[in-house]
>>> print(open('work-v9.txt').read())   # compact mmCIF, C-alpha atoms
# COMPACT_ATOMS: atom_id res chain seq x y z
CA MET A 1 0.00 0.00 0.00
CA THR A 2 1.77 3.11 -1.22
CA GLU A 3 -1.06 5.66 -1.23
CA LYS A 4 -0.27 8.45 1.22
CA ILE A 5 -2.59 8.71 4.20
CA LYS A 6 -3.78 12.24 4.96
CA MET A 7 -3.37 13.35 8.57
CA PHE A 8 -4.68 16.61 10.03
CA GLY A 9 -3.25 17.78 13.33
CA GLY A 10 -1.19 20.24 15.29
CA THR A 11 2.41 20.23 16.49
CA PRO A 12 1.43 21.03 20.12
CA SER A 13 -0.98 18.07 20.10
CA PRO A 14 0.42 15.02 21.95
CA TYR A 15 -1.77 12.64 19.98
CA THR A 16 -0.64 14.14 16.67
CA GLN A 17 2.96 13.64 17.74
CA LYS A 18 2.14 10.08 18.81
CA MET A 19 0.75 9.20 15.38
CA LEU A 20 3.43 11.03 13.40
CA SER A 21 6.07 9.01 15.25
CA VAL A 22 4.12 5.79 14.58
CA PHE A 23 3.92 6.56 10.85
CA ARG A 24 7.64 7.34 10.67
CA TYR A 25 8.65 4.17 12.47
CA ARG A 26 6.27 1.96 10.49
CA HIS A 27 7.28 3.49 7.13
CA ILE A 28 3.66 4.33 6.33
CA PRO A 29 3.49 7.04 3.64
CA TYR A 30 1.60 10.11 4.84
CA THR A 31 0.91 13.76 4.24
CA VAL A 32 0.25 15.96 7.24
CA TYR A 33 -1.75 19.19 7.32
CA PHE A 34 -1.51 21.57 10.26
CA GLY A 35 -4.12 24.12 11.26
CA ASP A 36 -7.75 24.94 10.43
CA ILE A 37 -8.59 21.25 10.28
CA ALA A 38 -12.35 21.48 9.76
CA ARG A 39 -11.98 23.76 6.72
CA LYS A 40 -9.24 21.67 5.13
CA ILE A 41 -11.16 18.42 5.55
CA ALA A 42 -14.39 20.00 4.30
CA LYS A 43 -12.57 21.27 1.18
CA LEU A 44 -11.95 17.63 0.30
CA GLY A 45 -15.69 17.00 0.39
CA ILE A 46 -15.43 14.95 3.60
CA GLU A 47 -17.50 15.48 6.74
CA PRO A 48 -15.22 16.65 9.60
CA PRO A 49 -15.51 14.72 12.87
CA LYS A 50 -17.64 16.12 15.69
CA PRO A 51 -15.99 17.20 17.85
CA ILE A 52 -12.76 17.97 15.99
CA LEU A 53 -10.02 15.88 17.58
CA LEU A 54 -6.29 15.85 16.88
CA PRO A 55 -5.14 14.15 14.88
CA THR A 56 -7.89 13.40 12.37
CA ILE A 57 -6.84 10.78 9.82
CA LEU A 58 -8.62 9.96 6.57
CA LEU A 59 -9.17 6.22 6.26
CA LYS A 60 -11.42 4.24 3.94
CA ASP A 61 -14.64 2.67 5.17
CA ALA A 62 -16.30 -0.57 4.01
CA ASN A 63 -17.53 1.24 0.88
CA ASP A 64 -13.99 2.39 0.00
CA GLU A 65 -14.93 5.97 0.87
CA LEU A 66 -12.59 8.20 2.86
CA VAL A 67 -13.86 8.98 6.35
CA ALA A 68 -12.44 11.38 8.94
CA THR A 69 -11.27 9.05 11.70
CA THR A 70 -10.08 9.87 15.22
CA ASP A 71 -8.86 8.03 18.35
CA SER A 72 -5.27 6.87 18.06
CA THR A 73 -5.55 3.50 19.82
CA PRO A 74 -8.03 1.82 17.44
CA ILE A 75 -6.35 3.51 14.46
CA ILE A 76 -3.03 1.93 15.45
CA ARG A 77 -4.66 -1.51 15.60
CA ARG A 78 -6.31 -1.04 12.23
CA LEU A 79 -2.95 -0.10 10.72
CA GLU A 80 -1.45 -3.28 12.24
CA ASN A 81 -3.79 -5.25 9.98
CA GLU A 82 -3.33 -3.14 6.87
CA TYR A 83 0.46 -2.68 7.00
CA PRO A 84 2.35 -5.92 7.73
CA ASN A 85 5.84 -4.57 8.40
CA ARG A 86 7.42 -3.06 11.53
CA LYS A 87 4.44 -3.78 13.78
CA ILE A 88 4.12 -2.19 17.22
CA ILE A 89 1.74 -4.62 18.95
CA PRO A 90 3.57 -7.60 20.54
CA GLU A 91 2.76 -11.03 19.16
CA ASP A 92 2.38 -12.49 22.65
CA PRO A 93 -1.24 -11.76 23.66
CA ALA A 94 -0.37 -11.41 27.36
CA LEU A 95 2.38 -8.90 26.62
CA ALA A 96 0.05 -7.16 24.17
CA PHE A 97 -2.44 -6.67 27.01
CA ILE A 98 0.23 -5.09 29.23
CA ASN A 99 1.10 -2.89 26.27
CA TYR A 100 -2.58 -1.92 25.89
CA LEU A 101 -2.83 -1.02 29.58
CA LEU A 102 0.30 1.12 29.41
CA GLU A 103 -0.86 2.81 26.21
CA ASP A 104 -4.17 3.69 27.86
CA PHE A 105 -2.32 5.04 30.90
CA GLY A 106 -0.22 7.24 28.61
CA ASP A 107 -3.19 8.51 26.64
CA GLU A 108 -5.51 9.04 29.61
CA TRP A 109 -3.36 9.70 32.69
CA VAL A 110 -0.02 11.07 31.46
CA THR A 111 -2.14 13.52 29.46
CA LYS A 112 -3.35 14.87 32.80
CA TYR A 113 0.22 16.00 33.47
CA MET A 114 0.39 17.64 30.06
CA PHE A 115 -2.94 19.46 30.20
CA HIS A 116 -2.50 20.46 33.84
CA TYR A 117 0.91 22.04 33.43
CA ARG A 118 -0.01 23.72 30.16
CA TRP A 119 -3.10 25.53 31.43
CA TYR A 120 -2.92 25.61 35.25
CA PHE A 121 0.20 27.78 35.50
CA GLU A 122 0.28 31.36 34.21
CA GLU A 123 3.67 31.13 32.46
CA ASP A 124 2.78 27.92 30.66
CA ALA A 125 -0.69 29.16 29.68
CA ASP A 126 0.85 32.32 28.24
CA VAL A 127 3.29 30.28 26.12
CA ALA A 128 0.60 27.89 24.90
CA GLY A 129 -1.88 30.70 24.32
CA THR A 130 0.70 32.47 22.16
CA ILE A 131 1.85 29.50 20.08
CA LEU A 132 -1.33 27.49 19.55
CA PRO A 133 -3.20 30.15 17.51
CA LEU A 134 -0.20 30.45 15.18
CA VAL A 135 -0.29 26.69 14.56
CA GLU A 136 -4.07 26.61 14.18
CA MET A 137 -4.68 29.84 12.24
CA GLY A 138 -1.35 30.23 10.43
CA ILE A 139 2.12 31.58 11.13
CA ASN A 140 1.28 34.76 9.18
CA THR A 141 -1.81 35.63 11.28
CA PRO A 142 -1.87 39.45 11.73
CA ASP A 143 -0.89 40.69 15.21
CA ALA A 144 -4.30 42.11 16.12
CA LEU A 145 -6.08 38.90 15.12
CA HIS A 146 -3.43 36.81 16.86
CA ALA A 147 -4.00 38.68 20.13
CA LYS A 148 -7.73 38.00 19.90
CA TYR A 149 -7.20 34.30 19.17
CA LYS A 150 -4.66 34.03 21.99
CA GLU A 151 -7.24 35.14 24.52
CA PHE A 152 -9.88 32.85 23.01
CA PHE A 153 -7.64 29.75 22.93
CA ALA A 154 -6.35 30.24 26.47
CA ASN A 155 -9.78 30.87 27.98
CA ARG A 156 -11.29 27.88 26.18
CA GLN A 157 -8.61 25.47 27.34
CA ILE A 158 -8.40 26.77 30.91
CA GLU A 159 -12.16 26.28 31.19
CA ARG A 160 -11.65 22.66 30.13
CA LEU A 161 -9.19 21.78 32.89
CA TRP A 162 -12.04 19.87 34.53
CA VAL A 163 -11.88 17.29 31.74
CA VAL A 164 -8.59 15.92 33.09
CA GLY A 165 -9.46 16.65 36.71
CA SER A 166 -7.02 19.52 37.15
CA ASN A 167 -8.06 21.89 39.92
CA ASP A 168 -6.76 23.37 43.16
CA GLU A 169 -7.54 20.18 45.08
CA THR A 170 -5.79 17.82 42.64
CA ALA A 171 -2.84 20.00 41.58
CA GLU A 172 -0.44 18.57 44.15
CA LEU A 173 -1.42 14.97 43.34
CA ILE A 174 -0.76 15.57 39.64
CA ASP A 175 2.58 17.19 40.38
CA LEU A 176 3.73 14.38 42.66
CA SER A 177 2.63 11.72 40.17
CA TYR A 178 4.50 13.42 37.33
CA LYS A 179 7.70 13.62 39.37
CA ARG A 180 7.40 9.93 40.33
CA PHE A 181 6.68 9.04 36.72
CA LEU A 182 9.86 10.78 35.59
CA GLN A 183 11.90 8.96 38.21
CA LEU A 184 10.34 5.63 37.23
CA MET A 185 11.15 6.32 33.57
CA GLU A 186 14.71 7.24 34.54
CA ALA A 187 15.16 3.90 36.28
CA HIS A 188 13.56 1.88 33.48
CA LEU A 189 15.44 3.59 30.67
CA SER A 190 18.70 2.90 32.47
CA ILE A 191 18.27 -0.80 31.58
CA SER A 192 15.85 -0.85 28.62
CA PRO A 193 15.71 1.45 25.57
CA PHE A 194 11.93 1.05 25.26
CA LEU A 195 9.10 0.07 27.59
CA LEU A 196 8.91 -3.58 26.54
CA GLY A 197 12.42 -4.30 25.36
CA ASP A 198 14.70 -3.42 22.47
CA LYS A 199 11.96 -2.33 20.06
CA PRO A 200 9.11 0.18 20.49
CA SER A 201 5.50 -0.80 21.08
CA SER A 202 2.37 1.33 20.88
CA SER A 203 2.73 2.19 24.58
CA ASP A 204 6.09 3.83 23.83
CA PHE A 205 4.43 6.04 21.24
CA SER A 206 1.65 6.87 23.69
CA PHE A 207 4.15 7.98 26.36
CA PHE A 208 6.16 9.84 23.73
CA GLY A 209 3.17 11.84 22.52
CA GLN A 210 2.53 13.32 25.94
CA LEU A 211 6.21 13.71 26.80
CA SER A 212 6.86 15.51 23.52
CA GLN A 213 4.92 18.37 25.07
CA LEU A 214 6.00 17.96 28.69
CA VAL A 215 9.69 17.84 27.76
CA LYS A 216 9.86 20.08 24.69
CA PHE A 217 7.01 22.60 24.78
CA ASP A 218 5.68 23.57 28.22
CA PRO A 219 8.11 25.45 30.51
CA THR A 220 7.22 24.06 33.95
CA PRO A 221 7.22 20.31 33.17
CA ARG A 222 10.27 20.77 30.96
CA LYS A 223 12.26 22.07 33.93
CA LEU A 224 11.08 19.14 36.02
CA ALA A 225 12.02 16.65 33.30
CA TYR A 226 15.57 17.98 33.16
CA LYS A 227 15.76 17.84 36.95
CA TYR A 228 14.37 14.34 37.47
CA SER A 229 15.13 12.34 34.32
CA SER A 230 17.79 13.22 31.79
CA ARG A 231 17.23 9.80 30.19
CA THR A 232 13.60 10.67 29.48
CA VAL A 233 14.67 13.92 27.85
CA ALA A 234 17.08 12.00 25.59
CA TRP A 235 14.48 9.26 24.94
CA VAL A 236 11.94 11.80 23.68
CA ASP A 237 14.46 13.01 21.09
CA ILE A 238 15.08 9.41 19.98
CA MET A 239 11.38 8.52 19.84
CA GLU A 240 10.49 11.44 17.58
CA ASP A 241 11.84 9.73 14.48
CA LEU A 242 12.50 5.98 14.58
CA ASN A 243 12.37 5.67 10.81
CA GLY A 244 15.83 4.09 10.81
CA HIS A 245 15.36 1.78 13.81
CA ASP A 246 16.44 -1.81 13.07
CA SER A 247 13.20 -3.66 13.71
CA GLU A 248 14.46 -6.97 12.31
CA ASN A 249 17.24 -7.48 14.85
CA THR A 250 15.50 -6.16 17.94
CA SER A 251 12.74 -7.75 19.99
CA TRP A 252 10.32 -7.38 22.87
CA THR A 253 11.27 -8.90 26.19
CA ALA A 254 9.20 -11.89 27.30
CA LEU A 255 6.61 -10.87 29.88
CA GLU A 256 7.99 -13.12 32.60
CA GLU A 257 11.51 -11.79 31.97
CA SER A 258 10.53 -8.11 32.12
CA PRO A 259 12.60 -6.03 34.54
CA ASP A 260 11.23 -4.89 37.88
CA THR A 261 11.32 -1.32 36.58
CA LEU A 262 8.41 -2.11 34.24
CA LYS A 263 6.34 -3.45 37.12
CA ASN A 264 7.22 -0.30 39.07
CA LEU A 265 5.68 1.77 36.28
CA LEU A 266 2.58 -0.41 36.45
CA GLU A 267 2.39 0.27 40.19
CA GLU A 268 1.99 3.96 39.35
CA VAL A 269 -0.85 2.97 37.01
CA GLY A 270 -2.45 1.03 39.87
CA LYS A 271 -1.88 3.79 42.41
CA MET A 272 -3.21 6.74 40.40
CA TYR A 273 -5.13 5.74 37.28
CA VAL A 274 -7.01 2.64 38.42
CA PRO A 275 -8.89 4.29 41.34
CA ALA A 276 -9.90 7.17 39.06
CA LEU A 277 -11.17 4.78 36.36
CA LEU A 278 -13.26 2.81 38.85
CA ALA A 279 -14.67 5.86 40.62
CA ASN A 280 -15.63 7.45 37.30
CA ALA A 281 -17.32 4.21 36.21
CA ASP A 282 -19.35 4.12 39.44
CA ALA A 283 -20.39 7.74 38.90
CA LEU A 284 -21.55 6.93 35.36
CA LYS A 285 -23.69 4.07 36.67
CA GLU A 286 -25.24 6.31 39.31
CA GLY A 287 -25.73 9.24 36.96
CA ALA A 288 -23.57 11.48 39.17
CA GLU A 289 -22.11 14.60 37.57
CA VAL A 290 -19.13 14.74 39.95
CA TRP A 291 -17.19 12.08 41.81
CA GLU A 292 -14.39 11.96 44.33
CA VAL A 293 -12.11 9.21 45.55
CA GLU A 294 -9.04 8.86 47.74
CA ILE A 295 -5.90 8.52 45.64
CA ASP A 296 -2.47 8.22 47.23
CA GLY A 297 -3.75 9.52 50.56
CA ALA A 298 -5.51 12.59 49.15
CA ILE A 299 -8.91 13.37 47.66
CA TRP A 300 -9.25 13.45 43.88
CA LYS A 301 -12.40 15.22 42.69
CA GLN A 302 -13.56 15.84 39.15
CA LYS A 303 -16.54 15.82 36.82
CA THR A 304 -17.70 12.48 35.41
CA PHE A 305 -16.29 11.78 31.96
CA ASN A 306 -18.03 9.37 29.56
CA TYR A 307 -14.91 8.54 27.56
CA GLN A 308 -13.11 7.26 30.66
CA GLY A 309 -15.98 4.80 31.11
CA LYS A 310 -15.33 3.52 27.60
CA CYS A 311 -11.61 3.18 28.38
CA LEU A 312 -12.38 0.91 31.33
CA ALA A 313 -14.77 -1.19 29.22
CA TRP A 314 -12.14 -1.56 26.48
CA ILE A 315 -9.47 -2.65 28.96
CA LYS A 316 -11.81 -5.35 30.25
CA GLU A 317 -12.66 -6.41 26.69
CA GLU A 318 -8.96 -6.80 25.89
CA PHE A 319 -8.42 -8.89 29.00
CA ASN A 320 -11.51 -11.06 28.48
CA ALA A 321 -10.40 -11.81 24.91
CA LEU A 322 -7.31 -13.62 26.25
CA ASN A 323 -7.33 -17.40 26.48
CA LYS A 324 -7.21 -19.08 29.88
CA ASP A 325 -3.42 -19.44 30.01
CA ASP A 326 -2.70 -15.84 28.96
CA ASN A 327 -5.42 -14.62 31.31
CA LEU A 328 -3.59 -16.31 34.19
CA ARG A 329 -0.18 -15.01 33.06
CA VAL A 330 -1.47 -11.42 33.08
CA LYS A 331 -3.06 -11.82 36.51
CA GLU A 332 0.13 -13.28 37.95
CA TYR A 333 2.26 -10.55 36.44
CA LEU A 334 0.03 -7.69 37.62
CA HIS A 335 -0.44 -9.12 41.13
CA GLY A 336 0.51 -6.49 43.68
CA THR A 337 0.56 -3.56 41.23
CA GLY A 338 -3.00 -2.42 41.93
CA CYS A 339 -3.87 -2.96 38.25
CA GLU A 340 -5.26 -6.43 38.95
CA ILE A 341 -8.36 -4.77 40.47
CA LEU A 342 -9.43 -3.85 36.92
CA LEU A 343 -9.57 -7.49 35.89
CA GLY A 344 -12.16 -8.78 38.34
CA GLU A 345 -12.51 -12.40 39.24
>>> encode(input="work-v9.txt", output="structure tokens")
Amino acid sequence: MTEKIKMFGGTPSPYTQKMLSVFRYRHIPYTVYFGDIARKIAKLGIEPPKPILLPTILLKDANDELVATTDSTPIIRRLENEYPNRKIIPEDPALAFINYLLEDFGDEWVTKYMFHYRWYFEEDADVAGTILPLVEMGINTPDALHAKYKEFFANRQIERLWVVGSNDETAELIDLSYKRFLQLMEAHLSISPFLLGDKPSSSDFSFFGQLSQLVKFDPTPRKLAYKYSSRTVAWVDIMEDLNGHDSENTSWTALEESPDTLKNLLEEVGKMYVPALLANADALKEGAEVWEVEIDGAIWKQKTFNYQGKCLAWIKEEFNALNKDDNLRVKEYLHGTGCEILLGE
């Protein structure tokens, strides 16, 4: 398949960076368009997605018609089927489940770090508010119009901090988790070049997408990254373009031979993300608009979010699709991390 896939996104979008890095590594031909996504997609005679999400990728449906497609995780799995070379989902189903769990953590929890630091702190919000309109509306946007868009972009995003649960009550929890995450990455990268061994998996690209912003764009988390994990800073540079990575002579580490540093990362998933997923799911069942739960000795409070409910359901679907032996292997590996609570009995 040599036809170039059209991608619409933004450079300050972690999910755009995630998918661009995937396409480079997998040698999938693409063309990328930045800014004014809805107009550019509509000009092609294609219905833009609602809401507009970054990135939006044009893929063919069952009728061979191009459709604006979003959500990086299912897109990655579709591409695994359509492009046979340089795959990023492990062949071992048990390891693939661990990869799925880590990818979801990157997309849905590490993004809390990114969004929180970008819009909670005045310096970071000023930087993002300045740059994002130039990416979205064009580098040559006139100064007066740019100033207007800057105020609009910043206000819109700051008002959406609730989506990731960033507020005065949770700010310290997010900060502490990010610092621990950096230290856990530092330890893991000291013995393994990627999360699951000597070759990247989709979870690596998920972490990279968020860290591309935390390490390279936003001032406050960038300073923390340099303070707590120089290896992560270097890893982000490497992950950006793995086009030349030797995928034939590198491999994923067997699940049972994975280093303790990987399980330590999963303990952070169990400590922070799992309680939030379960509390949000309970709130959805009860029809509650807001929920709160104790996480790491403090109270986490945020509005109920439908998409997080879907994430939990998809994790369970992935686990339930495993055969009996792989089901047991995953349970044994995750025992004691806090993640096993997601799997039920």
>>> residues_around(input="work-v9.txt", residues="range 19-36 of chain A", least_positions_apart="2", cutoff="6 Å", atoms="only C-alpha atoms", output="PyMOL selection string")
chain A and resi 4-10+16-17+38-39+86+135-137+240-243
>>> closest_atom_pairs(input="work-v9.txt", of="range 232-294 of chain A", to="range 147-169 of chain A", cutoff="12 Å", atoms="only C-alpha atoms", output="JSON lines")
{"residue": "A:Tyr273", "atom": "CA", "partner": "A:Val164", "partner_atom": "CA", "distance": 11.5}
{"residue": "A:Ala276", "atom": "CA", "partner": "A:Gly165", "partner_atom": "CA", "distance": 9.8}
{"residue": "A:Leu277", "atom": "CA", "partner": "A:Val164", "partner_atom": "CA", "distance": 11.9}
{"residue": "A:Asn280", "atom": "CA", "partner": "A:Gly165", "partner_atom": "CA", "distance": 11.1}
{"residue": "A:Glu289", "atom": "CA", "partner": "A:Trp162", "partner_atom": "CA", "distance": 11.8}
{"residue": "A:Val290", "atom": "CA", "partner": "A:Trp162", "partner_atom": "CA", "distance": 10.3}
{"residue": "A:Trp291", "atom": "CA", "partner": "A:Gly165", "partner_atom": "CA", "distance": 10.3}
{"residue": "A:Glu292", "atom": "CA", "partner": "A:Gly165", "partner_atom": "CA", "distance": 10.2}
{"residue": "A:Val293", "atom": "CA", "partner": "A:Gly165", "partner_atom": "CA", "distance": 11.9}
{"residue": "A:Glu294", "atom": "CA", "partner": "A:Glu169", "partner_atom": "CA", "distance": 11.7}
>>> residues_around(input="work-v9.txt", residues="Ser202 in chain A", least_positions_apart="2", cutoff="12 Å", atoms="only C-alpha atoms", output="number ranges by chain")
A: 18-19, 21-23, 25-26, 72-77, 79-80, 86-90, 95-107, 194-196, 199-200, 204-209, 239, 252
>>> write_last_selection(input="work-v9.txt", atoms="C-alpha atoms", output="CSV table (one decimal), in the frame of the given file")
chain,number,residue,atom,x,y,z
A,18,LYS,CA,2.1,10.1,18.8
A,19,MET,CA,0.8,9.2,15.4
A,21,SER,CA,6.1,9.0,15.2
A,22,VAL,CA,4.1,5.8,14.6
A,23,PHE,CA,3.9,6.6,10.8
A,25,TYR,CA,8.6,4.2,12.5
A,26,ARG,CA,6.3,2.0,10.5
A,72,SER,CA,-5.3,6.9,18.1
A,73,THR,CA,-5.6,3.5,19.8
A,74,PRO,CA,-8.0,1.8,17.4
A,75,ILE,CA,-6.4,3.5,14.5
A,76,ILE,CA,-3.0,1.9,15.4
A,77,ARG,CA,-4.7,-1.5,15.6
A,79,LEU,CA,-3.0,-0.1,10.7
A,80,GLU,CA,-1.4,-3.3,12.2
A,86,ARG,CA,7.4,-3.1,11.5
A,87,LYS,CA,4.4,-3.8,13.8
A,88,ILE,CA,4.1,-2.2,17.2
A,89,ILE,CA,1.7,-4.6,19.0
A,90,PRO,CA,3.6,-7.6,20.5
A,95,LEU,CA,2.4,-8.9,26.6
A,96,ALA,CA,0.0,-7.2,24.2
A,97,PHE,CA,-2.4,-6.7,27.0
A,98,ILE,CA,0.2,-5.1,29.2
A,99,ASN,CA,1.1,-2.9,26.3
A,100,TYR,CA,-2.6,-1.9,25.9
A,101,LEU,CA,-2.8,-1.0,29.6
A,102,LEU,CA,0.3,1.1,29.4
A,103,GLU,CA,-0.9,2.8,26.2
A,104,ASP,CA,-4.2,3.7,27.9
A,105,PHE,CA,-2.3,5.0,30.9
A,106,GLY,CA,-0.2,7.2,28.6
A,107,ASP,CA,-3.2,8.5,26.6
A,194,PHE,CA,11.9,1.0,25.3
A,195,LEU,CA,9.1,0.1,27.6
A,196,LEU,CA,8.9,-3.6,26.5
A,199,LYS,CA,12.0,-2.3,20.1
A,200,PRO,CA,9.1,0.2,20.5
A,204,ASP,CA,6.1,3.8,23.8
A,205,PHE,CA,4.4,6.0,21.2
A,206,SER,CA,1.6,6.9,23.7
A,207,PHE,CA,4.2,8.0,26.4
A,208,PHE,CA,6.2,9.8,23.7
A,209,GLY,CA,3.2,11.8,22.5
A,239,MET,CA,11.4,8.5,19.8
A,252,TRP,CA,10.3,-7.4,22.9
>>> closest_residue(input="work-v9.txt", among="A:Gly244, A:Thr304, A:Asp126, A:Lys271", to="Gly287 in chain A", atoms="all atoms listed in the file")
A:Thr304
>>> atom_distance(input="work-v9.txt", atom1="CA of Asn81 in chain A", atom2="CA of Ala313 in chain A")
22.5 Å
>>> atom_distance(input="work-v9.txt", atom1="CA of Phe217 in chain A", atom2="CA of Thr261 in chain A")
27.0 Å
>>> closest_residue(input="work-v9.txt", among="A:Met272, A:Val233, A:Ala321, A:Leu265", to="Lys112 in chain A", atoms="all atoms listed in the file")
A:Met272
>>> atom_distance(input="work-v9.txt", atom1="CA of Tyr117 in chain A", atom2="CA of Thr220 in chain A")
6.6 Å
>>> closest_residue(input="work-v9.txt", among="A:Ile299, A:Leu278, A:Leu54, A:Val110", to="Thr11 in chain A", atoms="all atoms listed in the file")
A:Leu54
>>> closest_residue(input="work-v9.txt", among="A:Ser13, A:Thr250, A:Asn264, A:Asn323", to="Ile131 in chain A", atoms="all atoms listed in the file")
A:Ser13
>>> build_atoms(input="work-v9.txt", residues="range 314-336 of chain A", atoms="N, CA and C atoms", output="PDB file, keeping the file's coordinate frame")
ATOM      1  N   TRP A 314     -13.059  -1.022  27.482  1.00  0.00           N
ATOM      2  CA  TRP A 314     -12.140  -1.560  26.480  1.00  0.00           C
ATOM      3  C   TRP A 314     -11.008  -2.359  27.114  1.00  0.00           C
ATOM      4  N   ILE A 315     -10.510  -1.889  28.252  1.00  0.00           N
ATOM      5  CA  ILE A 315      -9.470  -2.650  28.960  1.00  0.00           C
ATOM      6  C   ILE A 315     -10.000  -4.024  29.336  1.00  0.00           C
ATOM      7  N   LYS A 316     -11.217  -4.071  29.861  1.00  0.00           N
ATOM      8  CA  LYS A 316     -11.810  -5.350  30.250  1.00  0.00           C
ATOM      9  C   LYS A 316     -12.050  -6.238  29.038  1.00  0.00           C
ATOM     10  N   GLU A 317     -12.464  -5.636  27.919  1.00  0.00           N
ATOM     11  CA  GLU A 317     -12.660  -6.410  26.690  1.00  0.00           C
ATOM     12  C   GLU A 317     -11.347  -7.044  26.230  1.00  0.00           C
ATOM     13  N   GLU A 318     -10.276  -6.270  26.284  1.00  0.00           N
ATOM     14  CA  GLU A 318      -8.960  -6.800  25.890  1.00  0.00           C
ATOM     15  C   GLU A 318      -8.563  -7.967  26.774  1.00  0.00           C
ATOM     16  N   PHE A 319      -8.795  -7.826  28.064  1.00  0.00           N
ATOM     17  CA  PHE A 319      -8.420  -8.890  29.000  1.00  0.00           C
ATOM     18  C   PHE A 319      -9.292 -10.129  28.789  1.00  0.00           C
ATOM     19  N   ASN A 320     -10.589  -9.933  28.635  1.00  0.00           N
ATOM     20  CA  ASN A 320     -11.510 -11.060  28.480  1.00  0.00           C
ATOM     21  C   ASN A 320     -11.319 -11.802  27.162  1.00  0.00           C
ATOM     22  N   ALA A 321     -10.661 -11.159  26.196  1.00  0.00           N
ATOM     23  CA  ALA A 321     -10.400 -11.810  24.910  1.00  0.00           C
ATOM     24  C   ALA A 321      -9.217 -12.775  24.986  1.00  0.00           C
ATOM     25  N   LEU A 322      -8.454 -12.726  26.086  1.00  0.00           N
ATOM     26  CA  LEU A 322      -7.310 -13.620  26.250  1.00  0.00           C
ATOM     27  C   LEU A 322      -7.786 -15.046  26.532  1.00  0.00           C
ATOM     28  N   ASN A 323      -6.996 -16.024  26.104  1.00  0.00           N
ATOM     29  CA  ASN A 323      -7.330 -17.400  26.480  1.00  0.00           C
ATOM     30  C   ASN A 323      -6.986 -17.636  27.946  1.00  0.00           C
ATOM     31  N   LYS A 324      -7.343 -18.815  28.456  1.00  0.00           N
ATOM     32  CA  LYS A 324      -7.210 -19.080  29.880  1.00  0.00           C
ATOM     33  C   LYS A 324      -5.765 -18.953  30.366  1.00  0.00           C
ATOM     34  N   ASP A 325      -4.822 -19.484  29.597  1.00  0.00           N
ATOM     35  CA  ASP A 325      -3.420 -19.440  30.010  1.00  0.00           C
ATOM     36  C   ASP A 325      -2.889 -18.008  30.048  1.00  0.00           C
ATOM     37  N   ASP A 326      -3.174 -17.225  29.000  1.00  0.00           N
ATOM     38  CA  ASP A 326      -2.700 -15.840  28.960  1.00  0.00           C
ATOM     39  C   ASP A 326      -3.406 -14.989  30.013  1.00  0.00           C
ATOM     40  N   ASN A 327      -4.674 -15.297  30.260  1.00  0.00           N
ATOM     41  CA  ASN A 327      -5.420 -14.620  31.310  1.00  0.00           C
ATOM     42  C   ASN A 327      -4.706 -14.788  32.649  1.00  0.00           C
ATOM     43  N   LEU A 328      -4.281 -16.016  32.943  1.00  0.00           N
ATOM     44  CA  LEU A 328      -3.590 -16.310  34.190  1.00  0.00           C
ATOM     45  C   LEU A 328      -2.226 -15.643  34.241  1.00  0.00           C
ATOM     46  N   ARG A 329      -1.507 -15.647  33.108  1.00  0.00           N
ATOM     47  CA  ARG A 329      -0.180 -15.010  33.060  1.00  0.00           C
ATOM     48  C   ARG A 329      -0.282 -13.523  33.382  1.00  0.00           C
ATOM     49  N   VAL A 330      -1.284 -12.849  32.819  1.00  0.00           N
ATOM     50  CA  VAL A 330      -1.470 -11.420  33.080  1.00  0.00           C
ATOM     51  C   VAL A 330      -1.794 -11.186  34.551  1.00  0.00           C
ATOM     52  N   LYS A 331      -2.698 -11.981  35.102  1.00  0.00           N
ATOM     53  CA  LYS A 331      -3.060 -11.820  36.510  1.00  0.00           C
ATOM     54  C   LYS A 331      -1.860 -12.009  37.417  1.00  0.00           C
ATOM     55  N   GLU A 332      -1.047 -13.023  37.130  1.00  0.00           N
ATOM     56  CA  GLU A 332       0.130 -13.280  37.950  1.00  0.00           C
ATOM     57  C   GLU A 332       1.132 -12.142  37.840  1.00  0.00           C
ATOM     58  N   TYR A 333       1.296 -11.630  36.619  1.00  0.00           N
ATOM     59  CA  TYR A 333       2.260 -10.550  36.440  1.00  0.00           C
ATOM     60  C   TYR A 333       1.812  -9.264  37.133  1.00  0.00           C
ATOM     61  N   LEU A 334       0.539  -8.953  37.056  1.00  0.00           N
ATOM     62  CA  LEU A 334       0.030  -7.690  37.620  1.00  0.00           C
ATOM     63  C   LEU A 334      -0.243  -7.776  39.121  1.00  0.00           C
ATOM     64  N   HIS A 335      -0.146  -8.967  39.707  1.00  0.00           N
ATOM     65  CA  HIS A 335      -0.440  -9.120  41.130  1.00  0.00           C
ATOM     66  C   HIS A 335       0.437  -8.176  41.967  1.00  0.00           C
ATOM     67  N   GLY A 336      -0.208  -7.410  42.808  1.00  0.00           N
ATOM     68  CA  GLY A 336       0.510  -6.490  43.680  1.00  0.00           C
ATOM     69  C   GLY A 336       0.724  -5.105  43.116  1.00  0.00           C
TER      70      GLY A 336
END
